[in-house]
>>> print(open('coords_7.tsv').read())   # TSV, C-alpha atoms
chain	number	residue	atom	x	y	z
X	1	MET	CA	-2.81	37.14	-45.06
X	2	ALA	CA	-4.43	34.17	-43.32
X	3	GLU	CA	-6.37	31.75	-45.48
X	4	LYS	CA	-10.11	32.21	-45.29
X	5	SER	CA	-12.05	29.55	-43.40
X	6	LYS	CA	-14.44	27.48	-45.53
X	7	GLY	CA	-17.49	25.44	-44.65
X	8	PHE	CA	-21.03	24.35	-45.41
X	9	VAL	CA	-24.20	25.52	-43.65
X	10	ILE	CA	-27.36	23.39	-43.67
X	11	VAL	CA	-30.58	24.37	-41.89
X	12	ALA	CA	-33.47	22.21	-40.68
X	13	SER	CA	-36.45	23.70	-38.85
X	14	LYS	CA	-40.17	23.33	-38.21
X	15	LYS	CA	-40.66	19.79	-39.57
X	16	LYS	CA	-38.84	16.61	-38.66
X	17	ASN	CA	-38.45	15.58	-42.27
X	18	PHE	CA	-36.15	18.51	-42.94
X	19	TYR	CA	-33.84	17.13	-40.25
X	20	SER	CA	-33.87	13.72	-41.93
X	21	TYR	CA	-33.06	15.35	-45.26
X	22	ALA	CA	-30.27	17.38	-43.66
X	23	ILE	CA	-28.74	14.20	-42.23
X	24	ASN	CA	-28.82	12.62	-45.68
X	25	LEU	CA	-27.25	15.72	-47.24
X	26	MET	CA	-24.42	15.84	-44.70
X	27	ASP	CA	-23.78	12.14	-45.16
X	28	SER	CA	-23.63	12.55	-48.94
X	29	ILE	CA	-21.21	15.48	-48.67
X	30	ARG	CA	-18.94	13.32	-46.49
X	31	ASP	CA	-19.08	10.59	-49.15
X	32	TYR	CA	-17.38	12.92	-51.65
X	33	HIS	CA	-15.55	15.34	-49.37
X	34	GLU	CA	-14.66	13.63	-46.12
X	35	GLU	CA	-12.77	16.64	-44.73
X	36	ALA	CA	-15.64	19.08	-45.27
X	37	ASP	CA	-16.42	21.40	-42.37
X	38	ILE	CA	-20.19	21.34	-41.85
X	39	THR	CA	-22.44	23.41	-39.59
X	40	LEU	CA	-25.96	22.17	-38.96
X	41	VAL	CA	-28.54	24.70	-37.80
X	42	CYS	CA	-31.66	23.07	-36.38
X	43	GLU	CA	-34.17	23.02	-33.54
X	44	PRO	CA	-32.93	21.27	-30.37
X	45	TRP	CA	-35.83	18.78	-30.26
X	46	MET	CA	-34.79	17.33	-33.62
X	47	LEU	CA	-31.27	16.32	-32.62
X	48	ASP	CA	-30.02	12.77	-32.30
X	49	GLU	CA	-26.62	11.05	-32.43
X	50	ARG	CA	-26.47	11.28	-36.23
X	51	ALA	CA	-25.98	15.04	-36.12
X	52	GLU	CA	-23.09	14.73	-33.67
X	53	GLU	CA	-21.41	12.21	-35.96
X	54	LEU	CA	-21.81	14.22	-39.17
X	55	ALA	CA	-21.69	17.91	-38.17
X	56	ASP	CA	-18.63	19.80	-36.97
X	57	ASN	CA	-20.82	22.48	-35.39
X	58	ILE	CA	-24.46	22.54	-34.28
X	59	ILE	CA	-26.36	25.78	-33.81
X	60	HIS	CA	-29.87	25.91	-32.35
X	61	CYS	CA	-32.59	27.85	-34.16
X	62	ASP	CA	-36.32	28.37	-33.66
X	63	ASP	CA	-39.19	27.10	-35.81
X	64	HIS	CA	-39.50	30.08	-38.17
X	65	TYR	CA	-40.57	29.02	-41.67
X	66	ARG	CA	-37.52	30.78	-43.12
X	67	ALA	CA	-35.02	29.92	-40.39
X	68	LYS	CA	-32.64	29.08	-43.25
X	69	LEU	CA	-31.90	32.78	-43.61
X	70	TRP	CA	-31.20	33.22	-39.91
X	71	GLY	CA	-28.95	30.16	-40.11
X	72	MET	CA	-27.07	31.57	-43.08
X	73	ALA	CA	-26.29	34.67	-41.03
X	74	GLN	CA	-24.86	32.55	-38.19
X	75	SER	CA	-22.16	31.01	-40.37
X	76	PRO	CA	-18.85	30.55	-38.50
X	77	TYR	CA	-16.93	30.55	-41.80
X	78	ASP	CA	-15.52	33.22	-44.07
X	79	LEU	CA	-16.37	31.44	-47.32
X	80	THR	CA	-19.74	29.76	-46.74
X	81	MET	CA	-21.70	27.43	-48.97
X	82	TYR	CA	-25.34	27.32	-47.89
X	83	ILE	CA	-27.29	24.32	-49.24
X	84	ASP	CA	-31.03	23.63	-48.82
X	85	ALA	CA	-31.56	20.58	-46.63
X	86	ASP	CA	-33.61	18.74	-49.28
X	87	MET	CA	-30.60	18.26	-51.54
X	88	GLU	CA	-28.03	15.53	-52.05
X	89	CYS	CA	-24.38	15.64	-53.09
X	90	GLU	CA	-23.32	13.28	-55.87
X	91	HIS	CA	-19.95	14.51	-57.14
X	92	GLU	CA	-16.46	15.13	-55.77
X	93	ASP	CA	-16.40	18.67	-57.19
X	94	ILE	CA	-18.18	19.71	-54.01
X	95	ALA	CA	-14.67	20.08	-52.55
X	96	ASN	CA	-13.88	22.75	-55.17
X	97	VAL	CA	-16.99	24.88	-54.80
X	98	TRP	CA	-14.89	27.67	-53.25
X	99	ASP	CA	-13.32	28.35	-56.66
X	100	GLU	CA	-16.72	29.65	-57.79
X	101	ILE	CA	-16.50	32.74	-55.58
X	102	LYS	CA	-13.88	34.33	-57.89
X	103	ASP	CA	-14.18	38.11	-57.41
X	104	HIS	CA	-17.83	37.96	-56.37
X	105	ASP	CA	-19.33	38.69	-52.97
X	106	VAL	CA	-22.19	36.21	-53.30
X	107	VAL	CA	-22.94	33.51	-55.88
X	108	PHE	CA	-26.33	31.98	-56.71
X	109	SER	CA	-27.83	29.63	-59.23
X	110	GLU	CA	-30.14	31.24	-61.77
X	111	LEU	CA	-33.85	31.27	-62.55
X	112	THR	CA	-34.18	31.41	-66.35
X	113	ASP	CA	-37.00	31.49	-68.89
X	114	GLU	CA	-36.18	28.08	-70.33
X	115	ARG	CA	-36.29	26.46	-66.90
X	116	ASP	CA	-39.36	28.16	-65.52
X	117	TYR	CA	-41.78	25.34	-66.32
X	118	ILE	CA	-41.26	24.04	-62.76
X	119	TYR	CA	-41.27	27.33	-60.85
X	120	ALA	CA	-44.31	28.10	-58.71
X	121	GLU	CA	-44.24	31.90	-59.00
X	122	ARG	CA	-41.56	33.76	-60.91
X	123	ASP	CA	-43.24	36.57	-62.83
X	124	PHE	CA	-44.99	39.37	-60.95
X	125	ASP	CA	-46.25	42.90	-61.41
X	126	THR	CA	-44.70	46.01	-59.87
X	127	PRO	CA	-45.82	49.66	-59.95
X	128	GLU	CA	-43.10	50.18	-62.59
X	129	GLY	CA	-44.17	47.21	-64.74
X	130	PRO	CA	-43.61	43.44	-65.05
X	131	ALA	CA	-40.69	41.83	-63.20
X	132	LYS	CA	-39.36	38.36	-62.49
X	133	PHE	CA	-37.14	36.58	-60.04
X	134	THR	CA	-33.74	35.71	-61.50
X	135	LEU	CA	-31.76	34.48	-58.46
X	136	CYS	CA	-32.47	31.15	-56.75
X	137	GLY	CA	-31.86	30.86	-53.02
X	138	GLY	CA	-31.56	27.07	-52.91
X	139	VAL	CA	-27.79	27.36	-52.76
X	140	CYS	CA	-25.67	30.39	-51.97
X	141	LEU	CA	-21.91	30.83	-51.79
X	142	TYR	CA	-20.91	33.97	-49.90
X	143	ASP	CA	-17.91	35.65	-48.32
X	144	MET	CA	-18.73	36.55	-44.72
X	145	SER	CA	-15.30	38.10	-44.23
X	146	LYS	CA	-16.67	41.15	-46.09
X	147	PRO	CA	-18.83	43.54	-43.98
X	148	ILE	CA	-21.14	44.25	-46.94
X	149	VAL	CA	-21.89	40.54	-47.26
X	150	ARG	CA	-22.56	40.18	-43.53
X	151	ASP	CA	-24.99	43.09	-43.77
X	152	PHE	CA	-26.63	41.61	-46.85
X	153	ILE	CA	-27.22	38.17	-45.35
X	154	ASN	CA	-28.55	39.68	-42.12
X	155	ASP	CA	-30.79	42.11	-44.01
X	156	TRP	CA	-32.15	39.28	-46.15
X	157	TRP	CA	-33.28	37.54	-42.98
X	158	GLU	CA	-34.64	40.68	-41.31
X	159	LEU	CA	-36.55	41.82	-44.39
X	160	THR	CA	-38.03	38.36	-44.95
X	161	LYS	CA	-39.14	38.20	-41.33
X	162	ALA	CA	-40.69	41.66	-41.58
X	163	GLN	CA	-42.64	40.90	-44.77
X	164	MET	CA	-43.93	37.58	-43.40
X	165	ASN	CA	-44.98	39.25	-40.13
X	166	ASP	CA	-46.76	42.05	-42.01
X	167	ASP	CA	-44.34	44.58	-40.52
X	168	TRP	CA	-43.15	45.70	-43.96
X	169	TRP	CA	-44.54	45.55	-47.46
X	170	PRO	CA	-44.06	47.90	-50.43
X	171	GLU	CA	-47.17	49.49	-51.92
X	172	GLY	CA	-48.40	48.07	-55.21
X	173	TYR	CA	-47.10	44.50	-54.80
X	174	SER	CA	-49.27	41.39	-54.53
X	175	ASP	CA	-49.66	39.87	-51.08
X	176	SER	CA	-49.09	36.45	-52.67
X	177	LEU	CA	-45.37	37.29	-52.76
X	178	LYS	CA	-45.06	37.75	-48.99
X	179	SER	CA	-44.18	34.13	-48.26
X	180	TRP	CA	-41.26	34.10	-50.71
X	181	ASP	CA	-37.75	34.86	-49.53
X	182	GLN	CA	-37.14	35.27	-53.26
X	183	PHE	CA	-39.02	38.57	-53.01
X	184	SER	CA	-36.85	39.96	-50.22
X	185	LEU	CA	-33.80	38.81	-52.18
X	186	TRP	CA	-35.13	40.57	-55.28
X	187	TRP	CA	-35.89	43.73	-53.32
X	188	LEU	CA	-32.44	43.97	-51.76
X	189	THR	CA	-30.59	43.33	-55.02
X	190	GLU	CA	-32.87	45.37	-57.30
X	191	LYS	CA	-34.30	48.17	-55.13
X	192	ASP	CA	-31.98	48.81	-52.20
X	193	ASP	CA	-29.24	51.33	-52.99
X	194	LYS	CA	-27.17	49.91	-50.14
X	195	TYR	CA	-26.43	46.85	-52.28
X	196	LYS	CA	-26.10	48.45	-55.70
X	197	ASP	CA	-22.38	47.61	-55.69
X	198	LEU	CA	-22.73	44.10	-54.28
X	199	LYS	CA	-20.90	41.76	-56.63
X	200	ILE	CA	-23.41	39.02	-57.46
X	201	GLY	CA	-22.30	36.04	-59.51
X	202	ILE	CA	-23.86	32.91	-61.01
X	203	PHE	CA	-22.20	29.52	-60.65
X	204	ASP	CA	-20.47	28.34	-63.80
X	205	ASP	CA	-22.72	25.69	-65.38
X	206	ASP	CA	-25.02	26.54	-62.50
X	207	MET	CA	-27.43	23.62	-62.89
X	208	ARG	CA	-24.63	21.37	-61.67
X	209	TRP	CA	-24.89	23.07	-58.29
X	210	ASN	CA	-28.67	23.11	-57.95
X	211	TYR	CA	-30.27	20.53	-60.22
X	212	TYR	CA	-34.01	20.28	-59.55
X	213	ASN	CA	-35.35	16.75	-59.73
X	214	ALA	CA	-38.52	18.01	-61.45
X	215	TRP	CA	-36.66	19.16	-64.53
X	216	ASN	CA	-36.97	17.02	-67.64
X	217	TRP	CA	-33.48	15.58	-68.14
X	218	ALA	CA	-33.89	15.42	-71.90
X	219	ARG	CA	-34.88	19.07	-72.00
X	220	THR	CA	-32.96	20.67	-69.13
X	221	ARG	CA	-29.52	19.45	-68.14
X	222	PRO	CA	-26.11	20.89	-67.22
X	223	GLU	CA	-23.03	20.55	-69.41
X	224	GLY	CA	-21.14	18.67	-66.70
X	225	GLU	CA	-22.13	16.12	-64.08
X	226	VAL	CA	-24.56	17.13	-61.34
X	227	VAL	CA	-22.87	18.05	-58.05
X	228	LEU	CA	-25.96	18.86	-55.97
X	229	ARG	CA	-29.40	17.48	-56.78
X	230	HIS	CA	-32.41	19.30	-55.37
X	231	TYR	CA	-35.43	17.24	-54.34
X	232	SER	CA	-37.68	20.19	-53.56
X	233	CYS	CA	-40.44	18.71	-55.71
X	234	GLY	CA	-41.95	15.42	-54.64
X	235	LEU	CA	-40.61	15.07	-51.09
X	236	ASP	CA	-42.86	14.57	-48.09
X	237	LYS	CA	-42.16	17.74	-46.11
X	238	ASP	CA	-44.99	17.27	-43.64
X	239	GLY	CA	-44.34	13.74	-42.41
X	240	TYR	CA	-41.98	12.40	-39.80
X	241	LEU	CA	-39.45	10.22	-41.54
X	242	ILE	CA	-36.83	8.67	-39.28
>>> encode(input="coords_7.tsv", output="structure tokens")
Amino acid sequence: MAEKSKGFVIVASKKKNFYSYAINLMDSIRDYHEEADITLVCEPWMLDERAEELADNIIHCDDHYRAKLWGMAQSPYDLTMYIDADMECEHEDIANVWDEIKDHDVVFSELTDERDYIYAERDFDTPEGPAKFTLCGGVCLYDMSKPIVRDFINDWWELTKAQMNDDWWPEGYSDSLKSWDQFSLWWLTEKDDKYKDLKIGIFDDDMRWNYYNAWNWARTRPEGEVVLRHYSCGLDKDGYLI
């Protein structure tokens, strides 16, 4: 059996700053894993020579607010590690991330009660009672060689697009959840029978792989060294950094 292809997918759309962050992320991955295979998904108007130097593949997307999900579905790799553009690699274990797939189909970091002091909206009401998001989409390791995973990643994009376009929304749920791809992720993994057998895993010592800069280090830290630091809080996402 041929070895599965492996690579990283990073998406930048809508705002120039996300492209600048993606460039920084790719550069930091190369610092610790020079041989990494990286695909950058971004809008054509953003591109400059830096992308050609750092990315092995470049795929053009549109300016959809959640183009990340479309980009995830375009992965040219079997084993794919998606990473939000506003992150930075700071450890050589990035080269070993593929070991985390184990016997899972997809692997996420986790949203937990003790970490929720930085989350914008995690708890919500459903017709059946209270619920909460438990999977974080900031990073995702997935095996696109499996048809069920290809379907899942594509359906995550299509369902998110439908809810944001008001083409689909379940009765009894707050409209405030429509902008969150966390909701479509929750719906597919919790409500859709098609994915009841999808093998979902959590990264070992998962904060290493998605450490939010807003966490209090004295209160919330991984057991090992941080591999990927997430700067979702505090970055200028509206400006035009060069």
>>> residues_around(input="coords_7.tsv", residues="Asp93 of chain X", least_positions_apart="4", cutoff="9 Å", atoms="all atoms listed in the file", output="ChimeraX atom specification")
/X:32-33,97,227
>>> residues_around(input="coords_7.tsv", residues="Asp204 of chain X", least_positions_apart="2", cutoff="8 Å", atoms="all atoms listed in the file", output="CSV table (one decimal) with C-alpha atoms, in the frame of the given file")
chain,number,residue,atom,x,y,z
X,100,GLU,CA,-16.7,29.6,-57.8
X,202,ILE,CA,-23.9,32.9,-61.0
X,206,ASP,CA,-25.0,26.5,-62.5
>>> residues_around(input="coords_7.tsv", residues="Glu225 of chain X", least_positions_apart="4", cutoff="10 Å", atoms="all atoms listed in the file", output="list in words")
Glu90, His91, Asp93, Asp205, Met207, Arg208, Trp209 and Arg221 of chain X
>>> write_last_selection(input="coords_7.tsv", atoms="C-alpha atoms", output="PDB file, keeping the file's coordinate frame")
ATOM      1  CA  GLU X  90     -23.320  13.280 -55.870  1.00  0.00           C
ATOM      2  CA  HIS X  91     -19.950  14.510 -57.140  1.00  0.00           C
ATOM      3  CA  ASP X  93     -16.400  18.670 -57.190  1.00  0.00           C
ATOM      4  CA  ASP X 205     -22.720  25.690 -65.380  1.00  0.00           C
ATOM      5  CA  MET X 207     -27.430  23.620 -62.890  1.00  0.00           C
ATOM      6  CA  ARG X 208     -24.630  21.370 -61.670  1.00  0.00           C
ATOM      7  CA  TRP X 209     -24.890  23.070 -58.290  1.00  0.00           C
ATOM      8  CA  ARG X 221     -29.520  19.450 -68.140  1.00  0.00           C
TER       9      ARG X 221
END
>>> closest_residue(input="coords_7.tsv", among="X:Val11, X:Ala85, X:Val107, X:Ile101", to="Cys61 of chain X", atoms="all atoms listed in the file")
X:Val11
>>> residues_around(input="coords_7.tsv", residues="segment 163-168 of chain X", least_positions_apart="6", cutoff="9 Å", atoms="only C-alpha atoms", output="list in words")
Lys178, Ser179, Trp180 and Ser184 of chain X
>>> atom_distance(input="coords_7.tsv", atom1="atom CA of Thr112 of chain X", atom2="atom CA of Leu177 of chain X")
18.6 Å
